[in-house]
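upload-v3.tsv (TSV, C-alpha atoms) appears below.
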```tsv
chain	number	residue	atom	x	y	z
C	15	MET	CA	0.00	0.00	0.00
C	16	ILE	CA	2.71	2.47	1.00
C	17	THR	CA	4.90	1.44	-1.95
C	18	ARG	CA	1.99	1.87	-4.37
C	19	LEU	CA	1.20	5.30	-2.95
C	20	PHE	CA	4.86	6.33	-3.19
C	21	LEU	CA	5.11	5.23	-6.83
C	22	SER	CA	1.91	7.12	-7.68
C	23	LEU	CA	3.56	10.43	-6.72
C	24	SER	CA	5.30	12.67	-9.23
C	25	ASP	CA	9.04	12.21	-9.78
C	26	ASN	CA	9.78	15.50	-8.04
C	27	THR	CA	7.64	14.68	-5.01
C	28	ARG	CA	9.25	11.25	-4.67
C	29	GLY	CA	12.64	12.90	-5.01
C	30	ALA	CA	11.77	15.39	-2.27
C	31	LEU	CA	10.67	12.60	0.10
C	32	LEU	CA	13.81	10.59	-0.63
C	33	MET	CA	15.98	13.66	-0.01
C	34	MET	CA	14.29	14.31	3.33
C	35	ALA	CA	14.76	10.68	4.34
C	36	SER	CA	18.40	10.86	3.28
C	37	MET	CA	18.99	14.01	5.32
C	38	ALA	CA	17.35	12.51	8.40
C	39	ALA	CA	19.58	9.43	8.14
C	40	PHE	CA	22.78	11.37	7.48
C	41	THR	CA	22.11	13.78	10.37
C	42	LEU	CA	21.35	10.96	12.80
C	43	ASN	CA	24.55	9.25	11.70
C	44	ASP	CA	26.46	12.52	12.24
C	45	ALA	CA	25.14	12.72	15.80
C	46	LEU	CA	26.20	9.13	16.50
C	47	MET	CA	29.69	9.79	15.10
C	48	LYS	CA	30.05	13.05	17.02
C	49	SER	CA	29.20	11.28	20.27
C	50	LEU	CA	32.42	9.26	19.84
C	51	ALA	CA	34.66	12.28	19.17
C	52	GLY	CA	37.72	12.10	21.42
C	53	ILE	CA	36.90	8.50	22.34
C	54	VAL	CA	37.58	6.62	19.10
C	55	PRO	CA	40.04	7.93	16.44
C	56	LEU	CA	38.37	9.08	13.23
C	57	PHE	CA	40.05	6.55	10.93
C	58	GLN	CA	39.25	3.63	13.23
C	59	LEU	CA	35.68	4.84	13.56
C	60	LEU	CA	35.13	5.11	9.81
C	61	PHE	CA	36.78	1.75	9.17
C	62	LEU	CA	34.65	-0.14	11.70
C	63	ARG	CA	31.45	1.54	10.54
C	64	GLY	CA	32.49	0.69	6.98
C	65	VAL	CA	33.02	-2.98	7.82
C	66	MET	CA	29.51	-3.26	9.25
C	67	ALA	CA	27.85	-1.22	6.49
C	68	THR	CA	29.68	-3.13	3.75
C	69	GLY	CA	28.65	-6.46	5.26
C	70	MET	CA	24.98	-5.50	5.40
C	71	THR	CA	25.04	-3.93	1.94
C	72	GLY	CA	26.81	-6.98	0.51
C	73	VAL	CA	24.06	-9.29	1.75
C	74	LEU	CA	21.37	-7.08	0.19
C	75	ALA	CA	23.32	-6.74	-3.06
C	76	VAL	CA	23.78	-10.51	-3.38
C	77	ARG	CA	20.14	-11.26	-2.62
C	78	GLY	CA	18.96	-8.65	-5.10
C	79	GLY	CA	21.34	-9.80	-7.83
C	80	ALA	CA	23.01	-6.38	-8.00
C	81	LEU	CA	26.51	-7.85	-8.11
C	82	ARG	CA	25.66	-9.77	-11.29
C	83	ALA	CA	24.76	-6.62	-13.21
C	84	ARG	CA	26.73	-5.80	-16.34
C	85	VAL	CA	28.31	-2.37	-15.94
C	86	GLY	CA	30.10	-0.53	-18.74
C	87	ALA	CA	33.50	1.13	-18.43
C	88	GLY	CA	31.94	4.60	-18.42
C	89	ASP	CA	29.68	3.74	-15.49
C	90	TRP	CA	32.58	2.15	-13.59
C	91	ALA	CA	34.53	5.39	-14.05
C	92	LEU	CA	31.61	7.37	-12.63
C	93	ILE	CA	31.31	4.96	-9.70
C	94	ALA	CA	35.05	5.39	-9.02
C	95	VAL	CA	34.64	9.19	-9.00
C	96	ARG	CA	31.67	8.81	-6.67
C	97	VAL	CA	33.61	6.61	-4.25
C	98	GLY	CA	36.51	9.06	-4.15
C	99	ALA	CA	34.12	11.93	-3.48
C	100	GLU	CA	32.35	9.92	-0.75
C	101	ILE	CA	35.68	9.31	1.00
C	102	SER	CA	36.64	12.97	0.75
C	103	ALA	CA	33.25	14.13	2.03
C	104	ALA	CA	33.39	11.78	5.03
C	105	TYR	CA	36.90	12.92	5.95
C	106	PHE	CA	36.29	16.67	5.74
C	107	PHE	CA	32.79	16.69	7.20
C	108	LEU	CA	33.57	14.53	10.22
C	109	ASN	CA	36.75	16.48	10.96
C	110	ALA	CA	34.60	19.60	11.16
C	111	LEU	CA	31.84	17.84	13.09
C	112	PHE	CA	34.23	16.66	15.80
C	113	VAL	CA	35.20	20.22	16.76
C	114	ALA	CA	32.12	22.35	15.98
C	115	PRO	CA	28.41	22.24	16.95
C	116	ILE	CA	26.42	19.86	14.77
C	117	ALA	CA	23.80	22.50	13.90
C	118	ASN	CA	26.43	25.00	12.74
C	119	VAL	CA	28.30	22.43	10.64
C	120	THR	CA	25.06	21.15	9.10
C	121	ALA	CA	23.94	24.72	8.43
C	122	ILE	CA	27.02	25.51	6.36
C	123	LEU	CA	26.33	22.36	4.37
C	124	GLN	CA	23.09	23.96	3.24
C	125	CYS	CA	24.85	25.85	0.47
C	126	LEU	CA	24.78	22.48	-1.34
C	127	PRO	CA	21.38	23.06	-3.02
C	128	LEU	CA	22.64	26.18	-4.75
C	129	VAL	CA	25.96	24.61	-5.75
C	130	VAL	CA	24.43	21.34	-6.99
C	131	THR	CA	21.57	23.06	-8.80
C	132	LEU	CA	23.80	25.52	-10.62
C	133	ALA	CA	26.27	22.74	-11.50
C	134	ALA	CA	23.41	20.64	-12.89
C	135	ALA	CA	22.18	23.58	-14.94
C	136	LEU	CA	25.65	24.07	-16.43
C	137	LEU	CA	26.49	20.40	-17.02
C	138	PHE	CA	23.09	18.83	-17.72
C	139	ARG	CA	21.26	21.88	-19.13
C	140	GLU	CA	18.46	21.60	-16.56
C	141	THR	CA	16.07	24.54	-16.74
C	142	ILE	CA	15.73	26.60	-13.57
C	143	GLY	CA	12.64	28.81	-13.30
C	144	TRP	CA	13.01	32.22	-11.71
C	145	ARG	CA	10.85	31.28	-8.71
C	146	ARG	CA	12.92	28.18	-8.01
C	147	LEU	CA	16.20	30.04	-8.43
C	148	SER	CA	14.93	32.86	-6.20
C	149	ALA	CA	14.00	30.38	-3.47
C	150	ILE	CA	17.46	28.81	-3.66
C	151	LEU	CA	19.17	32.20	-3.49
C	152	VAL	CA	17.04	33.25	-0.52
C	153	GLY	CA	18.06	30.03	1.20
C	154	PHE	CA	21.69	30.81	0.46
C	155	VAL	CA	21.28	34.21	2.15
C	156	GLY	CA	20.19	32.28	5.22
C	157	VAL	CA	23.35	30.18	4.94
C	158	LEU	CA	25.48	33.34	4.84
C	159	LEU	CA	23.79	34.52	8.04
C	160	ILE	CA	24.81	31.25	9.64
C	161	ILE	CA	28.45	31.05	8.56
C	162	ARG	CA	29.08	34.84	8.56
C	163	PRO	CA	32.28	34.77	6.47
C	164	GLY	CA	34.91	37.22	7.64
C	165	THR	CA	33.92	36.86	11.30
C	166	ASP	CA	35.32	34.73	14.11
C	167	GLY	CA	32.60	32.18	13.35
C	168	PHE	CA	34.26	31.34	10.03
C	169	ASP	CA	37.17	29.14	11.07
C	170	ARG	CA	39.00	26.01	9.91
C	171	SER	CA	35.95	23.85	10.55
C	172	SER	CA	33.98	26.06	8.15
C	173	LEU	CA	36.62	25.48	5.47
C	174	TYR	CA	36.40	21.72	6.08
C	175	VAL	CA	32.65	21.83	5.55
C	176	LEU	CA	33.04	23.82	2.32
C	177	ALA	CA	35.51	21.16	1.13
C	178	ALA	CA	32.84	18.58	1.97
C	179	VAL	CA	30.35	20.60	-0.10
C	180	ALA	CA	32.63	20.34	-3.14
C	181	SER	CA	33.01	16.61	-2.54
C	182	ILE	CA	29.28	15.96	-2.17
C	183	THR	CA	28.53	18.01	-5.28
C	184	THR	CA	30.96	15.84	-7.25
C	185	ARG	CA	29.43	12.69	-5.74
C	186	ASP	CA	25.86	13.66	-6.60
C	187	LEU	CA	26.61	14.77	-10.14
C	188	ALA	CA	28.52	11.55	-10.82
C	189	THR	CA	25.52	9.60	-9.50
C	190	ARG	CA	23.21	11.56	-11.77
C	191	ARG	CA	25.25	10.58	-14.84
C	192	LEU	CA	25.04	6.83	-14.12
C	193	SER	CA	22.95	4.87	-16.59
C	194	SER	CA	19.63	3.52	-15.37
C	195	ALA	CA	20.91	-0.05	-15.86
C	196	VAL	CA	23.33	0.28	-12.92
C	197	PRO	CA	21.63	-1.06	-9.73
C	198	SER	CA	21.59	1.45	-6.89
C	199	MET	CA	22.50	-1.32	-4.43
C	200	LEU	CA	25.67	-2.05	-6.42
C	201	VAL	CA	26.67	1.61	-6.16
C	202	THR	CA	25.89	1.53	-2.43
C	203	PHE	CA	28.00	-1.59	-1.89
C	204	VAL	CA	31.00	-0.27	-3.80
C	205	SER	CA	30.78	3.09	-1.99
C	206	ALA	CA	30.63	1.47	1.45
C	207	ALA	CA	33.50	-0.90	0.56
C	208	GLY	CA	35.60	1.95	-0.82
C	209	VAL	CA	35.22	4.00	2.37
C	210	MET	CA	36.03	0.93	4.50
C	211	LEU	CA	39.18	0.04	2.56
C	212	PHE	CA	40.50	3.60	2.35
C	213	PHE	CA	40.21	4.33	6.05
C	214	GLY	CA	41.36	0.81	6.89
C	215	VAL	CA	44.64	1.56	5.14
C	216	LEU	CA	44.98	4.90	6.93
C	217	MET	CA	44.18	3.25	10.25
C	218	THR	CA	47.26	1.03	9.98
C	219	GLY	CA	49.41	4.03	10.90
C	220	GLN	CA	47.46	4.64	14.10
C	221	GLU	CA	47.40	2.85	17.41
C	222	TRP	CA	44.27	0.74	17.92
C	223	VAL	CA	42.06	2.09	20.69
C	224	THR	CA	40.21	-0.49	22.77
C	225	MET	CA	36.50	0.31	22.85
C	226	ASN	CA	33.87	-0.40	25.47
C	227	VAL	CA	30.39	-1.84	24.91
C	228	ALA	CA	28.83	1.61	24.53
C	229	SER	CA	31.23	2.58	21.71
C	230	TRP	CA	30.63	-0.69	19.87
C	231	SER	CA	26.87	-0.20	20.26
C	232	ILE	CA	27.01	3.30	18.79
C	233	ILE	CA	29.03	2.10	15.79
C	234	GLY	CA	26.59	-0.79	15.43
C	235	MET	CA	23.70	1.65	15.31
C	236	SER	CA	25.46	3.95	12.86
C	237	ALA	CA	26.04	1.19	10.27
C	238	PRO	CA	22.37	0.61	9.27
C	239	VAL	CA	21.73	4.35	9.51
C	240	ILE	CA	24.54	5.22	7.09
C	241	LEU	CA	23.37	2.37	4.84
C	242	ALA	CA	19.90	3.96	4.70
C	243	ALA	CA	21.53	7.32	4.01
C	244	TYR	CA	23.64	5.87	1.17
C	245	VAL	CA	20.68	4.13	-0.49
C	246	SER	CA	18.35	7.13	-0.33
C	247	SER	CA	21.04	9.60	-1.43
C	248	ILE	CA	21.75	7.47	-4.51
C	249	ALA	CA	18.05	6.98	-5.30
C	250	VAL	CA	17.27	10.68	-5.00
C	251	MET	CA	19.83	11.62	-7.63
C	252	ARG	CA	18.13	9.25	-10.08
C	253	VAL	CA	14.60	10.65	-9.85
C	254	GLY	CA	13.14	14.14	-10.30
C	255	GLU	CA	14.85	17.39	-11.23
C	256	ILE	CA	18.05	18.22	-9.35
C	257	SER	CA	17.02	21.87	-9.11
C	258	PHE	CA	13.85	20.81	-7.28
C	259	VAL	CA	15.03	18.00	-5.00
C	260	SER	CA	18.36	19.54	-3.90
C	261	PRO	CA	16.87	22.29	-1.71
C	262	PHE	CA	15.24	19.65	0.49
C	263	ARG	CA	18.67	19.15	1.98
C	264	TYR	CA	17.59	22.09	4.12
C	265	THR	CA	15.52	19.70	6.24
C	266	SER	CA	18.74	18.38	7.76
C	267	LEU	CA	18.92	21.67	9.66
C	268	VAL	CA	15.79	20.80	11.59
C	269	TRP	CA	17.22	17.43	12.63
C	270	ALA	CA	20.60	18.97	13.46
C	271	LEU	CA	19.01	21.58	15.71
C	272	ILE	CA	16.92	18.96	17.52
C	273	LEU	CA	19.75	16.44	17.95
C	274	GLY	CA	22.28	19.13	18.87
C	275	TRP	CA	20.00	20.33	21.64
C	276	LEU	CA	18.87	16.92	22.92
C	277	VAL	CA	22.17	15.03	22.68
C	278	PHE	CA	24.93	17.62	23.04
C	279	GLY	CA	23.21	20.55	24.78
C	280	GLU	CA	24.12	22.82	21.86
C	281	TRP	CA	21.84	25.64	20.81
C	282	PRO	CA	22.76	28.18	18.10
C	283	ASP	CA	22.65	31.92	18.62
C	284	MET	CA	19.77	34.06	17.33
C	285	VAL	CA	21.41	35.01	14.02
C	286	THR	CA	22.04	31.33	13.26
C	287	LEU	CA	18.43	30.49	14.08
C	288	ILE	CA	17.17	33.26	11.79
C	289	GLY	CA	19.35	31.89	9.01
C	290	ALA	CA	18.01	28.39	9.66
C	291	VAL	CA	14.41	29.61	9.44
C	292	ILE	CA	15.17	31.30	6.12
C	293	VAL	CA	16.76	28.23	4.53
C	294	VAL	CA	14.00	25.90	5.71
C	295	GLY	CA	11.35	28.38	4.57
C	296	SER	CA	12.80	28.46	1.07
C	297	GLY	CA	12.53	24.67	0.86
C	298	VAL	CA	8.92	24.72	2.08
C	299	PHE	CA	8.09	27.32	-0.59
C	300	MET	CA	9.52	25.09	-3.31
C	301	LEU	CA	7.44	22.12	-2.14
C	302	TYR	CA	4.34	24.33	-2.12
C	303	ARG	CA	5.16	25.60	-5.61
C	304	GLU	CA	5.60	22.04	-6.90
C	305	GLY	CA	2.16	21.18	-5.52
C	306	GLN	CA	0.67	24.12	-7.40
C	307	ILE	CA	2.32	23.01	-10.65
C	308	ALA	CA	1.13	19.42	-10.20
C	309	ARG	CA	-2.46	20.53	-9.52
C	310	ALA	CA	-2.42	22.80	-12.57
C	311	ALA	CA	-1.12	19.96	-14.74
C	312	ARG	CA	-3.88	17.61	-13.52
C	313	ALA	CA	-6.48	20.30	-14.18
C	314	ARG	CA	-5.28	20.69	-17.78
C	315	VAL	CA	-5.39	16.94	-18.35
C	316	GLY	CA	-8.85	16.74	-16.82
```
Reformat the file's structure so that it appears as structure tokens.
Amino acid sequence: MITRLFLSLSDNTRGALLMMASMAAFTLNDALMKSLAGIVPLFQLLFLRGVMATGMTGVLAVRGGALRARVGAGDWALIAVRVGAEISAAYFFLNALFVAPIANVTAILQCLPLVVTLAAALLFRETIGWRRLSAILVGFVGVLLIIRPGTDGFDRSSLYVLAAVASITTRDLATRRLSSAVPSMLVTFVSAAGVMLFFGVLMTGQEWVTMNVASWSIIGMSAPVILAAYVSSIAVMRVGEISFVSPFRYTSLVWALILGWLVFGEWPDMVTLIGAVIVVGSGVFMLYREGQIARAARARVG
């Protein structure tokens, strides 16, 4: 019933829902990772999470026949680019997350909709209406209120997040270019395995830190969460218009504010909150506008 209802929605609406699910999963995973900052070294943390996520993804990929799919050289090249970008994004973003409030770090990440949308317009010739572009630009103004470049609030962690933005943009555009014949679960498995292997190699130069039951439990919880984030983030780039679905990354701000307050006792200042309201509001406007367009299209058909 739920699957049938989901498939009956427009591509853009399904893309928006997938993006919101992806952001909820990524933000929850960020909170779990941040809770281990200073307890487990970053490389060890990413390696162990990768082992668990790769194992679970491998089982799903085998059962679904994804590993038997025939993939062309061009698609393998795009998958390789995506894996490299995923590794880079994880490294830069978590380095920032370990030293800065989760809401602030997530807020800076909200410049992604503008960057991804403009990149898609340039590379894929996607049309961007003036209302949609205006909503994205208004959201970006909110981001500027949050990061306040040129002030003490713009530090090395901000630069790390901007590096993560570049990495995620590359990842998403590479995903968009994949042919429809490439199973999403195959891409998920290769991405998880790539992150595991890369940080496993880096971990060999570090001393292993013995973990307690609580640390193992948190990593165990993060593995299925990051798996859900991987799957939904790949699916969302393969449905709907990038210029429409990308701004729904703004919903991660809501989760970051809630988790930052509940888990870490962090609460942003008033200017940051105003910026957050602006970026979320721009995303809500776009969803409302899409509903108007869909209703108008149904009326014309009727």
Item to complete: Please tell me which residues are no farther than 12 Å from (35.0, -6.2, 5.7) in the file, counting only C-alpha atoms, and write them as a PyMOL selection string.
Response: chain C and resi 61-72+203-204+206-214
Fill in: Computed interatomic separation between atom CA of C:Val223 and atom CA of C:Gln58 (Å)
8.1 Å
Once you count all atoms listed in the file, what closest atom pair and distance in Å to one decimal does each residue of stretch 27-81 of chain C within 8 Å of stretch 247-271 of chain C have, with rows by chain and rising residue number, as a tab-separated table?
```
residue	atom	partner	partner_atom	distance
C:Thr27	CA	C:Gly254	CA	7.7
C:Arg28	CA	C:Gly254	CA	7.4
C:Gly29	CA	C:Val250	CA	5.1
C:Ala30	CA	C:Val259	CA	5.0
C:Leu32	CA	C:Val250	CA	5.6
C:Met33	CA	C:Val250	CA	6.0
C:Met34	CA	C:Phe262	CA	6.1
C:Ser36	CA	C:Ser247	CA	5.5
C:Met37	CA	C:Ser266	CA	5.0
C:Ala38	CA	C:Ser266	CA	6.1
C:Thr41	CA	C:Ala270	CA	6.2
C:Leu42	CA	C:Trp269	CA	7.7
```
Filtering to C-alpha atoms, could you give me those residues as an mmCIF file, keeping the file's coordinate frame?
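So the final result, stored in selection-v7.cif, reads:
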```cif
data_model
loop_
_atom_site.group_PDB
_atom_site.id
_atom_site.type_symbol
_atom_site.label_atom_id
_atom_site.label_comp_id
_atom_site.auth_asym_id
_atom_site.auth_seq_id
_atom_site.Cartn_x
_atom_site.Cartn_y
_atom_site.Cartn_z
ATOM 1 C CA THR C 27 7.640 14.680 -5.010
ATOM 2 C CA ARG C 28 9.250 11.250 -4.670
ATOM 3 C CA GLY C 29 12.640 12.900 -5.010
ATOM 4 C CA ALA C 30 11.770 15.390 -2.270
ATOM 5 C CA LEU C 32 13.810 10.590 -0.630
ATOM 6 C CA MET C 33 15.980 13.660 -0.010
ATOM 7 C CA MET C 34 14.290 14.310 3.330
ATOM 8 C CA SER C 36 18.400 10.860 3.280
ATOM 9 C CA MET C 37 18.990 14.010 5.320
ATOM 10 C CA ALA C 38 17.350 12.510 8.400
ATOM 11 C CA THR C 41 22.110 13.780 10.370
ATOM 12 C CA LEU C 42 21.350 10.960 12.800
#
```
Worksheet item: Between atom CA of C:Leu176 and atom CA of C:Thr120, what is the distance, to one decimal in Å?
Response: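 We find that atom CA of C:Leu176 and atom CA of C:Thr120 lie 10.8 Å from each other.
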Worksheet item: In terms of the shortest atom-to-atom distance over all atoms listed in the file, which of C:Asn26, C:Ser296, C:Ser148, C:Thr286 is closest to C:Val119?
Response: C:Thr286
Discussion item. Which residues are near C:Glu280? Cut-off 7 Å, only C-alpha atoms, ignore same chain within fewer than 3 positions. Put them as an NGL selection string.
Written reply: :C and (115 or 274-275)
Worksheet, complete the sentence: Restricting to all atoms listed in the file, whichever of C:Val130, C:Ile116, C:Leu216, C:Gly156 is closest to C:Val294 is C:Gly156
